[in-house]
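Here the structure comes first, spelled out in structure tokens, and everything after it is commentary.
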Amino acid sequence: MLKLPSPSTKRIALRVTPAAERAIRQGHPWIFEQAIREQSHVGKAGDLAVIFDKKRRFLAIGLYDPNTTIRVRILQRLKPAAINKEWFKAKLDTTSQLRAPLRDSPPKRLTNGYRLAHGENDGLPGLVIDRYAETYVIKLYTPAWIPHLNDILAALGDIFPAERIVLRLGGSLKENKFNLEDGMVLQGEALTAPIIFSENGLRFESDPVHGQKTGFFLDQRENRARVEKLAKGKRVLNVFSYTGGFSVYAARGGATEVVSLDASKPAIEAAERNFKLNFPSSNLHSLIAGDAFEVMTEMKKKDRRFEMVIIDPPSFARKASQTDGAINAYQKLTRLGIEILAPNGILVQASCSSRVESDAFFDAIHLTARRAGRLLKEIERTSHALDHPIGFREGEYLKCLFAYAP
Ligand code: SAH
């Protein structure tokens, strides 16, 4: 057991504005500071807050945080509940059942890397749990979870025989006064090397301590499988490759050449290791460490062509004010991608920014292609993977277009 503060036994009673009441009834997981009308007492992060409706009936219970504008994160609506180990167990049981197609994957397509709990969208706001083989990574985005961490660990331990549990801390949580460190191993042996896990029968490494996200972009699994189906006989360029997820799938799909391009040297080195892990004797794979915009411009000048270009950049819009800039960047990438795409080649372009709406994104790609004289023919527009459900509007972030460029 970690030495952590316990949540106060005294619950905070709250009443909120009619609009906030409606939002809660409709399943919205957050109550903002400005929506609070009455409050019984000042509490501390992680205390439980009970929201009563205008007729003073129980409406919801959630995690209180006095220091952020999202003041309460809703855990349960309409039915009162004790929030303890048993409650977390029931929750994780449900999230695990929703992942059954991954959890129970057949040996040939073994998948033991997936998101077990996807925050707000799984009714656990501000909490993410990813599985990589027998290691589980818990990522907290609010200090309100800290007093409940021991209960979560106990619940997780009861359901899954984890070899190891790693803690990741989001943003402001990195500086806390509870001796919790980002990347610390809470249970099991220290990590001396990346973890090897499986996805659709392919093997990948993930470094849950130093890697981006919790070590791997699990959310692109289904798009990677789509790339595999389309890659046969193609020269494939994987732009923003990170550790080469799309590259390895393209190779299994029968690509004749695969190039991974990323600005991060450690990421493309990991991409090469991932490639070798699956195809030890193949020499199809090459690496470019560099800026995507510059390298693609150079490729165009040198007449380098591909039959498939995959573009999966980082989020360009972290704030609402950056949305236009993001669309601009997406359009530049579409232009560059199309210019190095052979006739009838396939463009795969994704956005992981929740600030950029799907329609705006898809329209921007089409417009740019049209201006470049290539009318795109769509194969598919895709959204979220099974283990990254969308539970509320703000939870929708991933979109991807698969299209031929005649
Ligand atoms: N497609 C990857 C995830 C991409 S994450 C996957 O499926 O796993 C975004 C990646 O873009 C990161 O690896 C980051 O290093 C890289 N990146 C960010 N800016 C870049 C730039 N200007 N040029 C090239 N790579 C960049």
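Residue numbering restarts at 1 for every chain of the structure tokens, chains are lettered A, B, ... in their displayed order, and ligands are numbered from 1 as they appear.
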- Hey, what's within 9 Å of A:Arg164 if we count only C-alpha atoms and toss same-chain stuff fewer than 3 positions away? As an NGL selection string, please? :A and (134-137 or 161 or 185-191)
How would the residues just chosen look if you wrote them out with C-alpha atoms as a CSV table (one decimal), in the first residue's frame?
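Output file selection.csv is given in full below:
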chain,number,residue,atom,x,y,z
A,134,GLU,CA,1.4,-8.2,-18.4
A,135,THR,CA,2.3,-4.6,-17.5
A,136,TYR,CA,-0.4,-2.0,-16.8
A,137,VAL,CA,0.2,1.7,-17.0
A,161,PRO,CA,-2.7,-10.7,-12.7
A,185,VAL,CA,6.9,1.3,-10.9
A,186,LEU,CA,4.1,0.9,-8.3
A,187,GLN,CA,4.2,-2.9,-8.3
A,188,GLY,CA,6.5,-5.5,-9.7
A,189,GLU,CA,10.0,-5.4,-11.0
A,190,ALA,CA,11.8,-2.3,-12.2
A,191,LEU,CA,11.8,-1.8,-15.9
- Which residues form the shell of 7 Å around ligand 1 when you count only C-alpha atoms and all ligand atoms, given as a list in words? Phe216, Phe217, Gln220, Val239, Phe240, Ser241, Tyr242, Thr243, Gly244, Gly245, Phe246, Leu261, Asp262, Ala263, Ser264, Ala267, Gly290, Asp291, Ala292, Phe293, Asp312, Pro313 and Pro314 of chain A
- Task: List the neighbours of A:Leu156 out to 9 Å using only C-alpha atoms; skip same-chain residues closer than 6 positions along the sequence, and give me the result as a PyMOL selection string.
- Result: chain A and resi 88-89+92+162
- Task: Have a look at atom CA of A:Lys54 and atom CA of A:Pro7 and let me know their distance in Å, one decimal.
- Result: 26.5 Å
- Query: With distances taken over only C-alpha atoms, which of A:Lys85, A:Arg37, A:Lys301, A:Arg99 is nearest to A:Asp158?
  - Reply: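 Selected residue with least distance to A:Asp158: A:Lys85.
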- Among the residues of stretch 171-256 of chain A, find those DSSP assigns to alpha helix (DSSP H) from the backbone and print them as a ChimeraX atom specification. /A:221-230,245-252
Take the residues from that selection and put them in a file with all heavy atoms, as a compact mmCIF listing (two decimals), in the first residue's frame.
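Written file, again_3.txt:
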# COMPACT_ATOMS: atom_id res chain seq x y z
N ARG A 221 -4.51 1.37 -33.87
CA ARG A 221 -4.47 -0.05 -34.21
C ARG A 221 -5.32 -0.40 -35.43
O ARG A 221 -4.87 -1.09 -36.34
CB ARG A 221 -4.92 -0.89 -33.01
CG ARG A 221 -4.88 -2.40 -33.24
CD ARG A 221 -5.52 -3.19 -32.11
NE ARG A 221 -5.16 -2.67 -30.82
CZ ARG A 221 -5.92 -1.87 -30.09
NH1 ARG A 221 -7.12 -1.53 -30.50
NH2 ARG A 221 -5.52 -1.41 -28.92
N GLU A 222 -6.55 0.06 -35.44
CA GLU A 222 -7.45 -0.34 -36.53
C GLU A 222 -7.04 0.30 -37.85
O GLU A 222 -7.19 -0.31 -38.91
CB GLU A 222 -8.90 -0.03 -36.14
CG GLU A 222 -9.35 -0.94 -35.00
CD GLU A 222 -10.72 -0.61 -34.42
OE1 GLU A 222 -11.50 0.12 -35.07
OE2 GLU A 222 -11.01 -1.09 -33.31
N ASN A 223 -6.51 1.52 -37.79
CA ASN A 223 -6.02 2.14 -39.03
C ASN A 223 -4.77 1.43 -39.54
O ASN A 223 -4.56 1.31 -40.74
CB ASN A 223 -5.75 3.63 -38.79
CG ASN A 223 -7.04 4.42 -38.68
OD1 ASN A 223 -8.05 4.04 -39.28
ND2 ASN A 223 -7.02 5.49 -37.91
N ARG A 224 -3.95 0.96 -38.62
CA ARG A 224 -2.76 0.20 -39.05
C ARG A 224 -3.20 -1.08 -39.79
O ARG A 224 -2.63 -1.44 -40.81
CB ARG A 224 -1.91 -0.19 -37.84
CG ARG A 224 -1.14 0.97 -37.26
CD ARG A 224 -0.11 0.49 -36.24
NE ARG A 224 -0.65 0.30 -34.90
CZ ARG A 224 -0.69 1.24 -33.97
NH1 ARG A 224 -0.24 2.44 -34.21
NH2 ARG A 224 -1.17 0.97 -32.77
N ALA A 225 -4.25 -1.73 -39.26
CA ALA A 225 -4.73 -2.96 -39.90
C ALA A 225 -5.30 -2.63 -41.29
O ALA A 225 -5.17 -3.43 -42.23
CB ALA A 225 -5.78 -3.64 -39.03
N ARG A 226 -5.90 -1.46 -41.44
CA ARG A 226 -6.43 -1.05 -42.75
C ARG A 226 -5.27 -0.82 -43.72
O ARG A 226 -5.35 -1.17 -44.89
CB ARG A 226 -7.26 0.22 -42.63
CG ARG A 226 -8.55 0.00 -41.89
CD ARG A 226 -9.37 1.28 -41.79
NE ARG A 226 -10.62 1.00 -41.11
CZ ARG A 226 -10.88 1.32 -39.84
NH1 ARG A 226 -9.97 1.94 -39.11
NH2 ARG A 226 -12.03 1.00 -39.29
N VAL A 227 -4.20 -0.23 -43.24
CA VAL A 227 -3.02 -0.01 -44.08
C VAL A 227 -2.48 -1.36 -44.56
O VAL A 227 -2.13 -1.53 -45.73
CB VAL A 227 -1.94 0.79 -43.29
CG1 VAL A 227 -0.56 0.59 -43.89
CG2 VAL A 227 -2.30 2.27 -43.28
N GLU A 228 -2.44 -2.31 -43.65
CA GLU A 228 -1.94 -3.64 -44.03
C GLU A 228 -2.72 -4.19 -45.23
O GLU A 228 -2.14 -4.71 -46.17
CB GLU A 228 -2.07 -4.59 -42.82
CG GLU A 228 -1.68 -6.03 -43.16
CD GLU A 228 -1.82 -6.98 -41.96
OE1 GLU A 228 -2.31 -6.56 -40.90
OE2 GLU A 228 -1.42 -8.15 -42.11
N LYS A 229 -4.03 -4.04 -45.18
CA LYS A 229 -4.88 -4.60 -46.24
C LYS A 229 -4.64 -3.93 -47.59
O LYS A 229 -4.94 -4.50 -48.64
CB LYS A 229 -6.36 -4.44 -45.87
CG LYS A 229 -6.78 -5.44 -44.83
CD LYS A 229 -8.30 -5.55 -44.82
CE LYS A 229 -8.74 -6.55 -43.75
NZ LYS A 229 -9.77 -6.00 -42.89
N LEU A 230 -4.16 -2.68 -47.57
CA LEU A 230 -4.03 -1.91 -48.81
C LEU A 230 -2.59 -1.84 -49.34
O LEU A 230 -2.35 -1.28 -50.40
CB LEU A 230 -4.54 -0.48 -48.58
CG LEU A 230 -6.02 -0.32 -48.21
CD1 LEU A 230 -6.28 1.09 -47.67
CD2 LEU A 230 -6.91 -0.60 -49.42
N GLY A 245 4.75 1.87 -36.11
CA GLY A 245 3.54 1.03 -36.11
C GLY A 245 3.00 0.76 -37.51
O GLY A 245 2.88 -0.39 -37.94
N PHE A 246 2.72 1.83 -38.25
CA PHE A 246 2.16 1.66 -39.60
C PHE A 246 3.16 0.93 -40.51
O PHE A 246 2.76 0.16 -41.39
CB PHE A 246 1.82 3.02 -40.22
CG PHE A 246 0.55 3.63 -39.72
CD1 PHE A 246 0.55 4.70 -38.84
CD2 PHE A 246 -0.68 3.13 -40.15
CE1 PHE A 246 -0.63 5.27 -38.38
CE2 PHE A 246 -1.88 3.70 -39.71
CZ PHE A 246 -1.85 4.77 -38.81
N SER A 247 4.46 1.17 -40.30
CA SER A 247 5.47 0.58 -41.17
C SER A 247 5.46 -0.95 -41.10
O SER A 247 5.52 -1.65 -42.11
CB SER A 247 6.87 1.08 -40.78
OG SER A 247 6.91 2.49 -40.83
N VAL A 248 5.38 -1.46 -39.88
CA VAL A 248 5.41 -2.91 -39.68
C VAL A 248 4.18 -3.57 -40.31
O VAL A 248 4.26 -4.60 -40.98
CB VAL A 248 5.53 -3.24 -38.17
CG1 VAL A 248 5.41 -4.72 -37.92
CG2 VAL A 248 6.86 -2.70 -37.62
N TYR A 249 3.03 -2.94 -40.14
CA TYR A 249 1.80 -3.48 -40.75
C TYR A 249 1.90 -3.44 -42.27
O TYR A 249 1.45 -4.36 -42.96
CB TYR A 249 0.58 -2.68 -40.31
CG TYR A 249 -0.03 -3.10 -38.99
CD1 TYR A 249 0.55 -2.72 -37.79
CD2 TYR A 249 -1.19 -3.86 -38.94
CE1 TYR A 249 -0.02 -3.08 -36.58
CE2 TYR A 249 -1.77 -4.23 -37.74
CZ TYR A 249 -1.17 -3.82 -36.56
OH TYR A 249 -1.75 -4.18 -35.36
N ALA A 250 2.44 -2.35 -42.82
CA ALA A 250 2.57 -2.25 -44.28
C ALA A 250 3.43 -3.38 -44.80
O ALA A 250 3.12 -4.00 -45.84
CB ALA A 250 3.16 -0.89 -44.66
N ALA A 251 4.50 -3.68 -44.07
CA ALA A 251 5.39 -4.77 -44.50
C ALA A 251 4.64 -6.11 -44.49
O ALA A 251 4.74 -6.89 -45.43
CB ALA A 251 6.61 -4.83 -43.60
N ARG A 252 3.88 -6.37 -43.44
CA ARG A 252 3.15 -7.64 -43.41
C ARG A 252 2.11 -7.68 -44.53
O ARG A 252 1.78 -8.74 -45.06
CB ARG A 252 2.49 -7.88 -42.05
CG ARG A 252 1.89 -9.29 -41.98
CD ARG A 252 1.49 -9.72 -40.59
NE ARG A 252 0.31 -8.99 -40.09
CZ ARG A 252 -0.25 -9.25 -38.93
NH1 ARG A 252 0.25 -10.18 -38.12
NH2 ARG A 252 -1.30 -8.55 -38.53
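Proximity to stretch 101-118 of chain A at 8 Å, evaluated using only C-alpha atoms and with sequence-adjacent residues fewer than 6 positions away removed, yields Leu92, Thr95, Leu124, Leu127, Val128, Ile129, Asp130, Arg131, Tyr132, Ala133, Phe197, Ser198, Glu199, Asn200, Gly201, Leu202, Leu218, Asp387, His388 and Pro389 of chain A.
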- For A:Thr142, work out the shell of residues within 8 Å, counting only C-alpha atoms and skipping chain neighbours fewer than 6 positions away, then give it as an MDAnalysis selection string. chainID A and resid 65 126:127 170 173
- Task: as a count of residues only, please: all residues of stretch 140-290 of chain A that backbone DSSP puts in strand (DSSP E).
- Result: 36
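Checking A:Arg371, A:Arg304, A:Lys55, A:Lys399 one by one against A:His384, counting only C-alpha atoms, you find the shortest gap at A:Lys399.
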For A:Asp151: contacts at 7 Å, only C-alpha atoms, fewer than 3 positions along chain excluded, given as an mmCIF file with N, CA and C atoms, in the first residue's frame:
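around19.cif written:
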data_model
loop_
_atom_site.group_PDB
_atom_site.id
_atom_site.type_symbol
_atom_site.label_atom_id
_atom_site.label_comp_id
_atom_site.auth_asym_id
_atom_site.auth_seq_id
_atom_site.Cartn_x
_atom_site.Cartn_y
_atom_site.Cartn_z
ATOM 1 N N ASN A 84 -15.484 2.965 -3.836
ATOM 2 C CA ASN A 84 -14.429 2.221 -3.140
ATOM 3 C C ASN A 84 -13.870 1.152 -4.075
ATOM 4 N N LYS A 85 -13.070 0.275 -3.518
ATOM 5 C CA LYS A 85 -12.448 -0.778 -4.331
ATOM 6 C C LYS A 85 -13.496 -1.567 -5.131
ATOM 7 N N HIS A 148 -7.485 7.972 -4.183
ATOM 8 C CA HIS A 148 -8.209 6.744 -4.555
ATOM 9 C C HIS A 148 -7.295 5.714 -5.208
ATOM 10 N N ALA A 154 -5.837 -1.984 -5.870
ATOM 11 C CA ALA A 154 -6.389 -3.214 -5.289
ATOM 12 C C ALA A 154 -7.413 -3.823 -6.247
ATOM 13 N N ALA A 155 -8.233 -2.991 -6.867
ATOM 14 C CA ALA A 155 -9.247 -3.491 -7.808
ATOM 15 C C ALA A 155 -8.579 -4.117 -9.028
#
- Message: To one decimal place in Å, what is the distance between atom CA of A:Pro343 and atom CA of A:Gly373?
- Response: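 Atom CA of A:Gly373 lies 11.6 Å from atom CA of A:Pro343.
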- Task: Choose the residue, out of A:Glu394, A:Val236, A:Lys276, A:Leu287, that has the smallest atom-to-atom separation from A:Ile340; count only C-alpha atoms.
- Result: A:Val236
Find the nearest atom pair between each residue of stretch 256-332 of chain A and stretch 348-361 of chain A for residues within 12 Å, count only C-alpha atoms, give distances in Å to one decimal, sort rows by chain and ascending number, and present the table as CSV.
residue,atom,partner,partner_atom,distance
A:Glu307,CA,A:Val348,CA,10.9
A:Met308,CA,A:Val348,CA,7.5
A:Val309,CA,A:Val348,CA,6.1
A:Ile310,CA,A:Val348,CA,4.6
A:Ile311,CA,A:Gln349,CA,4.7
A:Asp312,CA,A:Ala350,CA,4.9
A:Pro313,CA,A:Ser351,CA,6.8
A:Pro314,CA,A:Cys352,CA,6.8
A:Ser315,CA,A:Ser353,CA,4.9
A:Phe316,CA,A:Ser353,CA,6.8
A:Ala317,CA,A:Ser353,CA,6.1
A:Arg318,CA,A:Ser353,CA,7.4
A:Lys319,CA,A:Arg355,CA,7.3
A:Ala320,CA,A:Arg355,CA,6.1
A:Ser321,CA,A:Arg355,CA,9.2
A:Gln322,CA,A:Arg355,CA,8.4
A:Thr323,CA,A:Val356,CA,6.1
A:Asp324,CA,A:Val356,CA,8.6
A:Gly325,CA,A:Val356,CA,10.3
A:Ala326,CA,A:Val356,CA,7.7
A:Ile327,CA,A:Phe361,CA,6.9
A:Asn328,CA,A:Phe361,CA,10.1
A:Ala329,CA,A:Ser351,CA,10.8
A:Tyr330,CA,A:Phe361,CA,7.9
A:Gln331,CA,A:Phe361,CA,8.9
A:Lys332,CA,A:Gln349,CA,11.8
- Quote the spacing between atom CA of A:Asn344 and atom CA of A:Asp303 in Å to one decimal place.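 So the answer is 16.3 Å.
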- Item | Polymer residues at most 6 Å from stretch 68-74 of chain A, only C-alpha atoms, same-chain spacing of 2 or more positions, as a list in words |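 Residues near the query, excluding close chain neighbours: Pro29, Trp30, Ile31, Phe32, Glu33, Ile61, Gly62, Leu63, Tyr64, Asp65, Gln76 and Pro125 of chain A.
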- A:Arg335, A:Lys177, A:His28, A:Arg381 ranked by distance to A:Glu120, top pick (using only C-alpha atoms): A:His28
- Message: When you count only C-alpha atoms, which of these residues is closest to A:Ser260: A:Leu14, A:Leu277, A:Ala45, A:Arg235?
- Response: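 Distance minimum relative to A:Ser260 lands on A:Arg235.
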- Query: Which residue, A:Lys139, A:Lys10, A:Lys265, A:His366, has the smallest gap to A:Ile152 when you use only C-alpha atoms?
  - Reply: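 The shortest atom-to-atom distance to A:Ile152 comes from A:Lys139.
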